[in-house]
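Okay, start07.txt is below, compact mmCIF, C-alpha atoms and all ligand atoms:
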```
# COMPACT_ATOMS: atom_id res chain seq x y z
CA MET A 90 43.83 47.25 158.89
CA MET A 91 44.90 46.39 155.34
CA LYS A 92 48.42 45.04 154.83
CA ILE A 93 50.46 46.06 151.83
CA ALA A 94 53.80 44.67 150.61
CA PHE A 95 55.92 47.67 149.60
CA PHE A 96 58.71 46.90 147.10
CA ASP A 97 61.90 48.79 146.20
CA THR A 98 61.75 50.80 149.43
CA LYS A 99 64.10 53.73 149.91
CA ASP A 100 64.67 55.47 153.25
CA TYR A 101 62.91 58.59 152.02
CA ASP A 102 59.69 56.64 151.29
CA ILE A 103 59.03 55.53 154.85
CA PRO A 104 58.16 58.70 156.83
CA SER A 105 55.39 59.91 154.51
CA PHE A 106 53.91 56.42 153.94
CA GLU A 107 53.94 55.76 157.70
CA LYS A 108 52.22 59.09 158.35
CA PHE A 109 49.37 58.56 155.87
CA GLY A 110 49.24 54.80 156.52
CA LYS A 111 48.54 55.38 160.21
CA GLU A 112 46.00 58.07 159.39
CA TYR A 113 44.01 55.88 156.97
CA GLY A 114 44.56 52.42 158.46
CA VAL A 115 47.08 50.93 156.03
CA GLU A 116 50.03 48.89 157.30
CA PHE A 117 53.08 48.64 155.04
CA LYS A 118 55.75 45.95 155.06
CA TYR A 119 58.82 47.59 153.48
CA TYR A 120 60.99 45.42 151.28
CA GLU A 121 64.22 46.86 149.89
CA THR A 122 64.18 44.41 147.01
CA LYS A 123 62.52 45.23 143.71
CA LEU A 124 59.44 43.35 142.64
CA SER A 125 60.31 40.60 140.18
CA VAL A 126 59.32 37.03 139.54
CA ASP A 127 61.89 35.96 142.15
CA THR A 128 60.59 38.29 144.87
CA ALA A 129 56.84 38.31 144.17
CA GLY A 130 56.45 35.53 146.76
CA LEU A 131 57.17 38.09 149.50
CA ALA A 132 53.64 39.41 148.90
CA ARG A 133 52.17 36.18 150.34
CA GLY A 134 49.72 37.00 153.11
CA TYR A 135 49.34 40.66 152.09
CA ASP A 136 46.27 42.35 150.69
CA GLY A 137 48.04 44.33 148.00
CA VAL A 138 51.33 45.44 146.55
CA CYS A 139 52.88 48.89 146.27
CA ALA A 140 55.46 49.27 143.47
CA PHE A 141 57.63 51.86 141.76
CA VAL A 142 59.14 52.73 138.37
CA ASN A 143 61.80 50.05 138.13
CA ASP A 144 59.83 47.12 139.51
CA THR A 145 59.07 44.39 136.99
CA ILE A 146 55.34 43.84 136.61
CA ASP A 147 55.16 41.55 133.61
CA ALA A 148 52.97 38.51 132.96
CA PRO A 149 54.89 36.02 135.15
CA VAL A 150 54.91 38.46 138.11
CA ILE A 151 51.21 39.26 137.65
CA ASP A 152 50.31 35.56 137.52
CA LYS A 153 52.33 34.89 140.65
CA LEU A 154 50.75 37.78 142.56
CA TYR A 155 47.28 36.76 141.39
CA GLY A 156 47.95 33.23 142.60
CA LEU A 157 48.80 34.68 146.02
CA GLY A 158 45.44 36.44 146.13
CA ILE A 159 46.75 39.94 145.40
CA ARG A 160 43.99 42.02 143.81
CA ILE A 161 45.59 45.46 143.63
CA ILE A 162 48.93 46.92 142.59
CA ALA A 163 49.30 50.49 143.79
CA MET A 164 51.92 52.25 141.68
CA ARG A 165 53.46 55.09 143.68
CA CYS A 166 54.32 57.00 140.50
CA ALA A 167 52.66 58.49 137.42
CA GLY A 168 54.28 56.35 134.70
CA TYR A 169 53.19 52.73 134.26
CA ASN A 170 55.29 51.61 131.29
CA ASN A 171 56.69 48.79 133.47
CA VAL A 172 53.23 47.28 134.03
CA ASP A 173 51.66 44.79 131.60
CA LEU A 174 48.18 46.29 131.96
CA LYS A 175 46.69 43.99 129.38
CA HIS A 176 47.77 40.99 131.41
CA CYS A 177 46.45 42.56 134.61
CA PHE A 178 42.99 43.03 133.11
CA GLY A 179 40.45 40.80 134.79
CA LYS A 180 42.92 39.77 137.49
CA ILE A 181 44.59 42.61 139.34
CA HIS A 182 43.52 46.24 139.51
CA VAL A 183 46.24 48.83 138.97
CA VAL A 184 46.08 52.29 140.48
CA ARG A 185 48.65 55.07 140.22
CA VAL A 186 49.42 58.62 141.30
CA PRO A 187 48.64 60.64 138.19
CA ALA A 188 49.70 63.98 139.62
CA TYR A 189 51.91 65.07 142.47
CA SER A 190 53.75 68.32 142.20
CA PRO A 191 54.52 68.67 138.50
CA TYR A 192 56.69 71.53 139.80
CA ALA A 193 59.14 69.01 141.29
CA VAL A 194 59.97 67.52 137.87
CA ALA A 195 59.72 70.75 135.87
CA GLU A 196 61.96 72.65 138.31
CA HIS A 197 64.53 69.82 138.30
CA THR A 198 64.55 69.98 134.50
CA MET A 199 65.36 73.68 134.61
CA ALA A 200 67.97 73.05 137.32
CA LEU A 201 69.70 70.57 135.00
CA LEU A 202 69.54 72.98 132.08
CA LEU A 203 70.99 75.86 134.08
CA THR A 204 73.68 73.63 135.55
CA SER A 205 74.73 72.53 132.09
CA VAL A 206 74.56 75.92 130.40
CA ARG A 207 76.33 77.84 133.20
CA ARG A 208 78.75 74.97 134.07
CA ILE A 209 77.71 75.08 137.74
CA HIS A 210 78.80 71.46 138.26
CA LYS A 211 82.32 72.34 137.13
CA ALA A 212 82.49 75.60 139.08
CA TYR A 213 81.33 73.83 142.26
CA ASN A 214 84.11 71.25 142.03
CA ARG A 215 86.71 73.89 141.19
CA THR A 216 85.98 76.32 144.00
CA LYS A 217 85.82 73.42 146.49
CA ASP A 218 89.43 72.87 145.49
CA PHE A 219 90.26 76.60 145.77
CA ASN A 220 90.54 76.79 141.98
CA PHE A 221 88.97 80.13 141.05
CA SER A 222 89.87 80.05 137.36
CA LEU A 223 87.03 80.81 134.92
CA SER A 224 88.67 79.05 132.02
CA GLY A 225 86.25 76.76 130.19
CA LEU A 226 83.20 78.00 132.11
CA MET A 227 81.72 80.15 129.33
CA GLY A 228 77.96 79.69 129.10
CA PHE A 229 75.20 81.35 127.09
CA ASP A 230 71.98 83.25 127.83
CA LEU A 231 68.78 81.22 127.83
CA HIS A 232 66.89 84.42 127.06
CA GLY A 233 65.88 84.45 123.41
CA LYS A 234 66.73 80.77 122.83
CA THR A 235 64.18 78.36 121.40
CA VAL A 236 63.08 75.44 123.55
CA GLY A 237 61.13 72.55 122.03
CA VAL A 238 58.87 70.79 124.54
CA ILE A 239 57.65 67.30 123.62
CA GLY A 240 54.61 66.38 125.73
CA THR A 241 52.61 69.30 127.09
CA GLY A 242 50.76 67.63 129.94
CA LYS A 243 51.03 68.62 133.60
CA ILE A 244 54.84 68.69 133.78
CA GLY A 245 55.39 70.00 130.25
CA LYS A 246 53.04 72.94 130.89
CA VAL A 247 54.85 73.94 134.10
CA PHE A 248 58.19 73.66 132.30
CA ILE A 249 56.87 75.86 129.49
CA ASP A 250 55.83 78.51 132.04
CA ILE A 251 59.29 78.41 133.61
CA CYS A 252 60.93 78.77 130.19
CA LYS A 253 58.67 81.70 129.33
CA GLY A 254 59.79 83.32 132.57
CA PHE A 255 63.34 83.12 131.25
CA GLY A 256 62.29 84.89 128.05
CA MET A 257 62.70 81.80 125.91
CA ARG A 258 60.74 81.06 122.72
CA VAL A 259 58.68 77.90 123.11
CA LEU A 260 57.77 75.37 120.43
CA ALA A 261 55.75 72.31 121.37
CA TYR A 262 54.74 68.93 120.07
CA ASP A 263 52.04 66.74 121.59
CA LYS A 264 49.83 64.01 120.18
CA PHE A 265 46.91 65.69 121.94
CA PRO A 266 47.76 69.42 122.12
CA SER A 267 46.16 71.08 125.14
CA ALA A 268 48.40 73.98 126.20
CA GLU A 269 47.32 77.51 125.45
CA GLY A 270 49.58 80.29 124.23
CA VAL A 271 52.11 77.85 122.76
CA GLN A 272 53.09 77.28 119.15
CA TYR A 273 52.55 73.61 118.27
CA VAL A 274 54.64 72.32 115.38
CA CYS A 275 55.35 68.89 113.89
CA LEU A 276 58.21 66.86 115.37
CA ASP A 277 60.55 67.47 112.45
CA GLU A 278 60.12 71.24 112.71
CA LEU A 279 60.70 71.08 116.48
CA PHE A 280 63.84 69.01 115.91
CA GLY A 281 65.17 71.45 113.31
CA ARG A 282 64.45 74.72 115.15
CA SER A 283 65.09 74.01 118.83
CA ASP A 284 68.25 75.05 120.69
CA ILE A 285 67.04 72.97 123.62
CA ILE A 286 64.67 69.98 123.56
CA SER A 287 62.90 68.73 126.67
CA LEU A 288 60.97 65.46 126.82
CA HIS A 289 57.81 65.31 128.92
CA CYS A 290 55.71 62.64 127.18
CA PRO A 291 55.10 59.12 128.52
CA LEU A 292 57.02 56.09 127.30
CA THR A 293 54.73 54.09 125.03
CA GLU A 294 55.28 51.86 122.00
CA GLU A 295 54.85 55.00 119.94
CA THR A 296 57.33 57.16 121.81
CA GLU A 297 60.02 54.54 122.41
CA HIS A 298 63.28 55.85 120.91
CA LEU A 299 61.60 59.08 119.86
CA ILE A 300 65.16 60.38 119.76
CA ASP A 301 66.95 57.79 117.64
CA GLY A 302 69.69 58.01 115.03
CA ALA A 303 67.30 59.39 112.39
CA ALA A 304 66.03 62.07 114.79
CA VAL A 305 69.58 63.07 115.76
CA GLU A 306 70.26 63.77 112.06
CA LYS A 307 67.42 66.31 112.08
CA LEU A 308 68.55 68.19 115.20
CA LYS A 309 70.06 71.65 115.20
CA LYS A 310 73.83 71.51 115.74
CA GLY A 311 74.70 72.09 119.38
CA VAL A 312 71.21 71.28 120.72
CA ILE A 313 70.83 70.48 124.41
CA ILE A 314 68.69 67.42 125.15
CA LEU A 315 66.83 67.24 128.46
CA ASN A 316 65.14 64.03 129.55
CA THR A 317 63.37 63.88 132.89
CA SER A 318 60.58 61.66 131.56
CA ARG A 319 61.57 58.06 130.78
CA GLY A 320 64.89 56.65 129.60
CA GLY A 321 63.39 54.63 126.75
CA LEU A 322 62.39 57.82 124.93
CA ILE A 323 66.02 58.12 123.85
CA ASP A 324 68.15 55.54 122.08
CA ALA A 325 71.17 55.99 124.35
CA GLU A 326 73.65 54.75 121.74
CA ALA A 327 72.31 57.23 119.18
CA LEU A 328 72.59 59.99 121.80
CA LEU A 329 76.19 59.03 122.51
CA ASP A 330 76.96 58.96 118.80
CA GLY A 331 75.38 62.42 118.36
CA ILE A 332 77.52 63.77 121.20
CA LYS A 333 80.69 62.23 119.79
CA LYS A 334 79.94 63.78 116.38
CA ARG A 335 79.47 67.19 118.14
CA LYS A 336 75.90 67.33 116.78
CA ILE A 337 74.43 67.31 120.28
CA GLY A 338 75.91 70.07 122.42
CA ALA A 339 74.90 68.66 125.80
CA ALA A 340 72.58 66.13 127.42
CA CYS A 341 70.95 66.30 130.85
CA LEU A 342 69.40 63.02 131.85
CA ASP A 343 67.41 62.18 134.95
CA VAL A 344 66.39 58.89 133.38
CA TYR A 345 68.25 56.30 131.35
CA GLU A 346 67.12 53.39 129.23
CA GLU A 347 68.85 50.74 131.32
CA GLU A 348 68.50 52.57 134.63
CA SER A 349 66.77 49.77 136.51
CA ASP A 350 70.10 47.94 136.95
CA VAL A 351 71.99 50.94 138.32
CA PHE A 352 69.87 53.90 139.43
CA PHE A 353 68.98 54.41 143.10
CA ARG A 354 72.02 52.38 144.18
CA ASP A 355 75.59 53.17 145.20
CA PHE A 356 78.11 51.73 142.74
CA SER A 357 81.03 53.90 143.79
CA GLY A 358 84.09 51.67 144.00
CA HIS A 359 82.51 49.12 141.66
CA ILE A 360 82.98 48.47 137.97
CA VAL A 361 79.83 49.34 136.07
CA ASP A 362 79.18 46.97 133.18
CA ASP A 363 77.10 49.39 131.12
CA ASP A 364 79.58 50.79 128.57
CA VAL A 365 77.13 53.28 127.09
CA LEU A 366 76.34 54.80 130.49
CA ALA A 367 80.03 54.84 131.42
CA ARG A 368 80.93 56.62 128.16
CA LEU A 369 78.08 59.11 128.57
CA LEU A 370 79.22 59.89 132.11
CA SER A 371 82.76 60.45 130.84
CA MET A 372 81.56 63.28 128.58
CA PRO A 373 82.13 66.80 129.89
CA ASN A 374 78.77 67.91 128.46
CA VAL A 375 76.60 65.17 129.97
CA ILE A 376 74.92 65.52 133.36
CA VAL A 377 73.13 62.55 134.85
CA THR A 378 70.94 62.54 137.95
CA SER A 379 69.54 59.30 139.25
CA HIS A 380 65.78 59.61 138.61
CA GLN A 381 65.52 62.22 141.34
CA ALA A 382 63.33 64.82 139.62
CA PHE A 383 60.32 63.80 141.73
CA LEU A 384 62.25 63.96 145.00
CA THR A 385 60.82 66.93 146.88
CA GLU A 386 59.04 66.95 150.23
CA GLU A 387 55.85 68.15 148.58
CA ALA A 388 55.92 65.47 145.91
CA LEU A 389 56.68 62.62 148.34
CA SER A 390 53.89 63.66 150.65
CA GLY A 391 51.48 63.89 147.69
CA ILE A 392 52.55 60.46 146.41
CA ALA A 393 52.02 58.82 149.80
CA GLU A 394 48.66 60.47 150.42
CA THR A 395 47.25 59.58 147.00
CA THR A 396 48.58 56.00 147.16
CA VAL A 397 47.03 55.43 150.57
CA LYS A 398 43.73 56.96 149.43
CA ASN A 399 43.78 54.77 146.30
CA LEU A 400 44.17 51.70 148.51
CA THR A 401 41.46 52.67 150.99
CA ALA A 402 39.05 53.51 148.15
CA PHE A 403 39.70 50.12 146.57
CA PHE A 404 39.30 48.07 149.74
CA GLY A 405 36.32 50.20 150.79
CA GLY A 406 34.56 49.13 147.59
CA GLU A 407 34.56 52.67 146.24
CA LEU A 408 35.28 53.81 142.73
CA CYS A 409 39.02 54.27 142.15
CA GLU A 410 39.40 57.39 140.11
CA ASN A 411 43.11 56.66 139.68
CA GLU A 412 42.61 53.16 138.33
CA LEU A 413 44.38 52.50 135.05
CA CYS A 414 41.43 51.21 133.08
CA TYR A 415 42.44 48.77 130.39
CA ARG A 416 38.89 47.77 129.43
CA CYS A 417 38.10 50.56 126.98
CA GLY A 418 41.66 50.75 125.71
CA ASN A 419 41.69 54.38 126.81
CA VAL A 420 43.83 53.74 129.83
CA GLU A 421 44.05 57.19 131.39
CA ASN A 422 40.76 58.71 130.29
CA CYS A 423 38.14 56.04 130.78
CA VAL A 424 35.27 56.75 128.39
CA LYS A 425 32.86 55.24 130.89
CA GLU A 426 33.62 58.28 133.05
CA ARG A 427 34.69 56.02 135.86
CA ARG A 428 31.22 55.15 137.03
CA GLU A 429 32.44 51.67 137.70
CA ARG A 430 35.66 49.73 138.11
CA CYS A 431 37.71 48.58 135.17
CA PHE A 432 36.45 45.01 135.74
P1 LIG B 501 50.71 63.93 131.56
O1 LIG B 501 49.90 62.70 131.29
O2 LIG B 501 50.06 65.08 132.27
O3 LIG B 501 51.30 64.50 130.18
C1 LIG B 501 51.85 63.69 129.19
C2 LIG B 501 51.66 64.40 127.86
O4 LIG B 501 52.28 63.60 126.84
C3 LIG B 501 50.18 64.56 127.47
O5 LIG B 501 49.91 65.89 127.06
C4 LIG B 501 50.02 63.59 126.32
O6 LIG B 501 49.05 64.03 125.35
C5 LIG B 501 51.42 63.60 125.72
N1 LIG B 501 51.65 62.46 124.84
C6 LIG B 501 51.12 61.21 124.93
N2 LIG B 501 51.55 60.46 123.90
C7 LIG B 501 52.36 61.26 123.15
C8 LIG B 501 53.10 61.06 121.96
N3 LIG B 501 53.06 59.89 121.29
N4 LIG B 501 53.82 62.09 121.48
C9 LIG B 501 53.84 63.29 122.13
N5 LIG B 501 53.16 63.54 123.25
C10 LIG B 501 52.43 62.52 123.76
O7 LIG B 501 51.99 63.44 132.34
P2 LIG B 501 52.97 64.28 133.26
O8 LIG B 501 52.49 64.23 134.66
O9 LIG B 501 53.24 65.60 132.64
O10 LIG B 501 54.29 63.38 133.21
C11 LIG B 501 55.03 63.23 131.99
C12 LIG B 501 56.03 62.12 132.17
O11 LIG B 501 57.00 62.50 133.14
C13 LIG B 501 55.44 60.80 132.74
O12 LIG B 501 54.94 59.99 131.70
C14 LIG B 501 56.61 60.16 133.42
O13 LIG B 501 57.20 59.25 132.51
C15 LIG B 501 57.57 61.32 133.66
N6 LIG B 501 57.84 61.53 135.10
C16 LIG B 501 59.13 61.53 135.54
C17 LIG B 501 59.43 61.73 136.87
C18 LIG B 501 60.84 61.77 137.37
O14 LIG B 501 61.06 61.73 138.59
N7 LIG B 501 61.85 61.88 136.52
C19 LIG B 501 58.36 61.92 137.85
C20 LIG B 501 57.03 61.98 137.27
C21 LIG B 501 56.80 61.77 135.95
```
Please express the file's structure as structure tokens.
Amino acid sequence: MMKIAFFDTKDYDIPSFEKFGKEYGVEFKYYETKLSVDTAGLARGYDGVCAFVNDTIDAPVIDKLYGLGIRIIAMRCAGYNNVDLKHCFGKIHVVRVPAYSPYAVAEHTMALLLTSVRRIHKAYNRTKDFNFSLSGLMGFDLHGKTVGVIGTGKIGKVFIDICKGFGMRVLAYDKFPSAEGVQYVCLDELFGRSDIISLHCPLTEETEHLIDGAAVEKLKKGVIILNTSRGGLIDAEALLDGIKKRKIGAACLDVYEEESDVFFRDFSGHIVDDDVLARLLSMPNVIVTSHQAFLTEEALSGIAETTVKNLTAFFGGELCENELCYRCGNVENCVKERRERCF
């Protein structure tokens, strides 16, 4: 039975990983702590490591894990912006879960949009307090509005379908356009024409701060910004500034640039040091969820099953179709058609 050190464990992770672990012969040791240079030593004596979005997998951590004999990092998520893949090359293989219910994230995005537009969060609090006043709860129809979708991969496509179901007009931008029946435009046109903008592209050097001060200038007044992708896509200070200047009408964020220090934890009763987050949360037109878009039963089960299968394929000497291949520089779409391992 292979033994895997599982970092940044949450209660909801355990049932599905136990189920598939038992089925496929993988034993997990669950650590609550995140993976970092200070905690990497906990992987001593294990065959591999399982990590998540806010674990630190930079050069010092990779070197430490490699020194402990770790040969695989199984990311239990799609994004891998927190992994120094270049540094892993030749030392530690990295696998991920490229797809698991894109519906989970796309539906959460629409839930945030509807909550914001129809003021459901305010109405919920009011009626709980027997306040049945409608004052300040005016919304608007989504039907006929223009939504700009940046990144039309698995999640973006599902979100587009949902928006079409609402009778919205869809504009899209993608570096590699692949969706059918959608009008692709350049970023500036999308910025200028969209009533709502939703981000569904990965965080890369190219997309970091895609929404910065200069982009905010180009936005339509009153635009709603949705981000369920990665926090670093938005310069949070520029977003805050745009909200203060009434340029941005609302923001719905499931991710935040500096989320690793706060998200997934309970800080109620504590003083949060992040002034930008605190100011954003104080805005009546900002809704923040704590990186929960993936959190459905279907998605968690899919994540656990694929992660366990990635591990058994690796240790069984098989080809890992979900390996992030650094060798050809084409990380997600290996030009060698995955006939062999990355190294
Ligand atoms: P995907 O790989 O299917 O689609 C990503 C799309 O972004 C592709 O069409 C790609 O061509 C496009 N893209 C790449 N570089 C771009 C650029 N420079 N500009 C514009 N578009 C670019 O990925 P998927 O599954 O749709 O996930 C999208 C993102 O959602 C992930 O990268 C991840 O960061 C985020 N995510 C968030 C979750 C959450 O719980 N909040 C859960 C799962 C994913």
- Task: Find the residues around Thr145 of chain A up to 10 Å (all atoms listed in the file counted), leave out those fewer than 5 positions away in its own chain, and share them as a PyMOL selection string.
- Result: chain A and resi 123-126+129+140+150-151+170-173+349
- Query: Do you have the atom CA of Phe95 of chain A-atom CA of Gly110 of chain A distance handy?
  - Reply: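 Taking atom CA of Phe95 of chain A as the start and atom CA of Gly110 of chain A as the end point, the length is 12.0 Å.
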Per-residue nearest contacts of chain A to ligand LIG 501 (chain B) (7 Å; only C-alpha atoms and all ligand atoms) as JSON lines:
```
{"residue": "A:Cys166", "atom": "CA", "partner": "B:LIG501", "partner_atom": "C20", "distance": 6.5}
{"residue": "A:Ala167", "atom": "CA", "partner": "B:LIG501", "partner_atom": "C21", "distance": 5.5}
{"residue": "A:Gly168", "atom": "CA", "partner": "B:LIG501", "partner_atom": "C14", "distance": 4.6}
{"residue": "A:Pro187", "atom": "CA", "partner": "B:LIG501", "partner_atom": "O8", "distance": 6.3}
{"residue": "A:Ala188", "atom": "CA", "partner": "B:LIG501", "partner_atom": "O8", "distance": 5.7}
{"residue": "A:Pro191", "atom": "CA", "partner": "B:LIG501", "partner_atom": "O8", "distance": 6.2}
{"residue": "A:Val194", "atom": "CA", "partner": "B:LIG501", "partner_atom": "C19", "distance": 5.8}
{"residue": "A:Ile239", "atom": "CA", "partner": "B:LIG501", "partner_atom": "C9", "distance": 5.7}
{"residue": "A:Gly240", "atom": "CA", "partner": "B:LIG501", "partner_atom": "O4", "distance": 3.8}
{"residue": "A:Thr241", "atom": "CA", "partner": "B:LIG501", "partner_atom": "O5", "distance": 4.3}
{"residue": "A:Gly242", "atom": "CA", "partner": "B:LIG501", "partner_atom": "O3", "distance": 3.2}
{"residue": "A:Lys243", "atom": "CA", "partner": "B:LIG501", "partner_atom": "O9", "distance": 3.9}
{"residue": "A:Ile244", "atom": "CA", "partner": "B:LIG501", "partner_atom": "O9", "distance": 3.7}
{"residue": "A:Gly245", "atom": "CA", "partner": "B:LIG501", "partner_atom": "O9", "distance": 5.4}
{"residue": "A:Tyr262", "atom": "CA", "partner": "B:LIG501", "partner_atom": "C9", "distance": 6.1}
{"residue": "A:Asp263", "atom": "CA", "partner": "B:LIG501", "partner_atom": "N5", "distance": 3.8}
{"residue": "A:Lys264", "atom": "CA", "partner": "B:LIG501", "partner_atom": "C9", "distance": 4.5}
{"residue": "A:Phe265", "atom": "CA", "partner": "B:LIG501", "partner_atom": "O6", "distance": 4.4}
{"residue": "A:Pro266", "atom": "CA", "partner": "B:LIG501", "partner_atom": "O6", "distance": 6.4}
{"residue": "A:Ser267", "atom": "CA", "partner": "B:LIG501", "partner_atom": "O5", "distance": 6.7}
{"residue": "A:His289", "atom": "CA", "partner": "B:LIG501", "partner_atom": "C11", "distance": 4.6}
{"residue": "A:Cys290", "atom": "CA", "partner": "B:LIG501", "partner_atom": "O4", "distance": 3.6}
{"residue": "A:Pro291", "atom": "CA", "partner": "B:LIG501", "partner_atom": "O12", "distance": 3.3}
{"residue": "A:Leu292", "atom": "CA", "partner": "B:LIG501", "partner_atom": "O13", "distance": 6.1}
{"residue": "A:Glu295", "atom": "CA", "partner": "B:LIG501", "partner_atom": "N3", "distance": 5.4}
{"residue": "A:Thr296", "atom": "CA", "partner": "B:LIG501", "partner_atom": "N3", "distance": 5.1}
{"residue": "A:Thr317", "atom": "CA", "partner": "B:LIG501", "partner_atom": "N7", "distance": 4.4}
{"residue": "A:Ser318", "atom": "CA", "partner": "B:LIG501", "partner_atom": "C15", "distance": 3.7}
{"residue": "A:Arg319", "atom": "CA", "partner": "B:LIG501", "partner_atom": "O13", "distance": 4.8}
{"residue": "A:Asp343", "atom": "CA", "partner": "B:LIG501", "partner_atom": "N7", "distance": 5.8}
{"residue": "A:Val344", "atom": "CA", "partner": "B:LIG501", "partner_atom": "N7", "distance": 6.3}
{"residue": "A:His380", "atom": "CA", "partner": "B:LIG501", "partner_atom": "N7", "distance": 5.0}
{"residue": "A:Gln381", "atom": "CA", "partner": "B:LIG501", "partner_atom": "O14", "distance": 5.3}
{"residue": "A:Ala382", "atom": "CA", "partner": "B:LIG501", "partner_atom": "O14", "distance": 4.0}
{"residue": "A:Phe383", "atom": "CA", "partner": "B:LIG501", "partner_atom": "O14", "distance": 3.8}
{"residue": "A:Leu384", "atom": "CA", "partner": "B:LIG501", "partner_atom": "O14", "distance": 6.9}
```
- Item | Among the residues A:Asp277, A:Glu294, A:Glu269, A:Asp284, the one that comes closest to Gly233 of chain A [using all atoms listed in the file] | A:Asp284
- Message: Quick check, in Å to one decimal: how far apart do atom CA of Arg208 of chain A and atom CA of Ala193 of chain A lie?
- Response: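 Atom CA of Ala193 of chain A lies at a distance of 21.7 Å from atom CA of Arg208 of chain A.
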- Any idea what the distance is between atom CA of Asp147 of chain A and atom CA of Phe403 of chain A?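 Distance between the two atoms: 21.9 Å.
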- May I ask which of the residues A:Leu329, A:Val184, A:Leu260, A:Leu154 is the closest one to Cys414 of chain A, counting only C-alpha atoms?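 Checking each of A:Leu329, A:Val184, A:Leu260, A:Leu154 against Cys414 of chain A, counting only C-alpha atoms, the winner is A:Val184.
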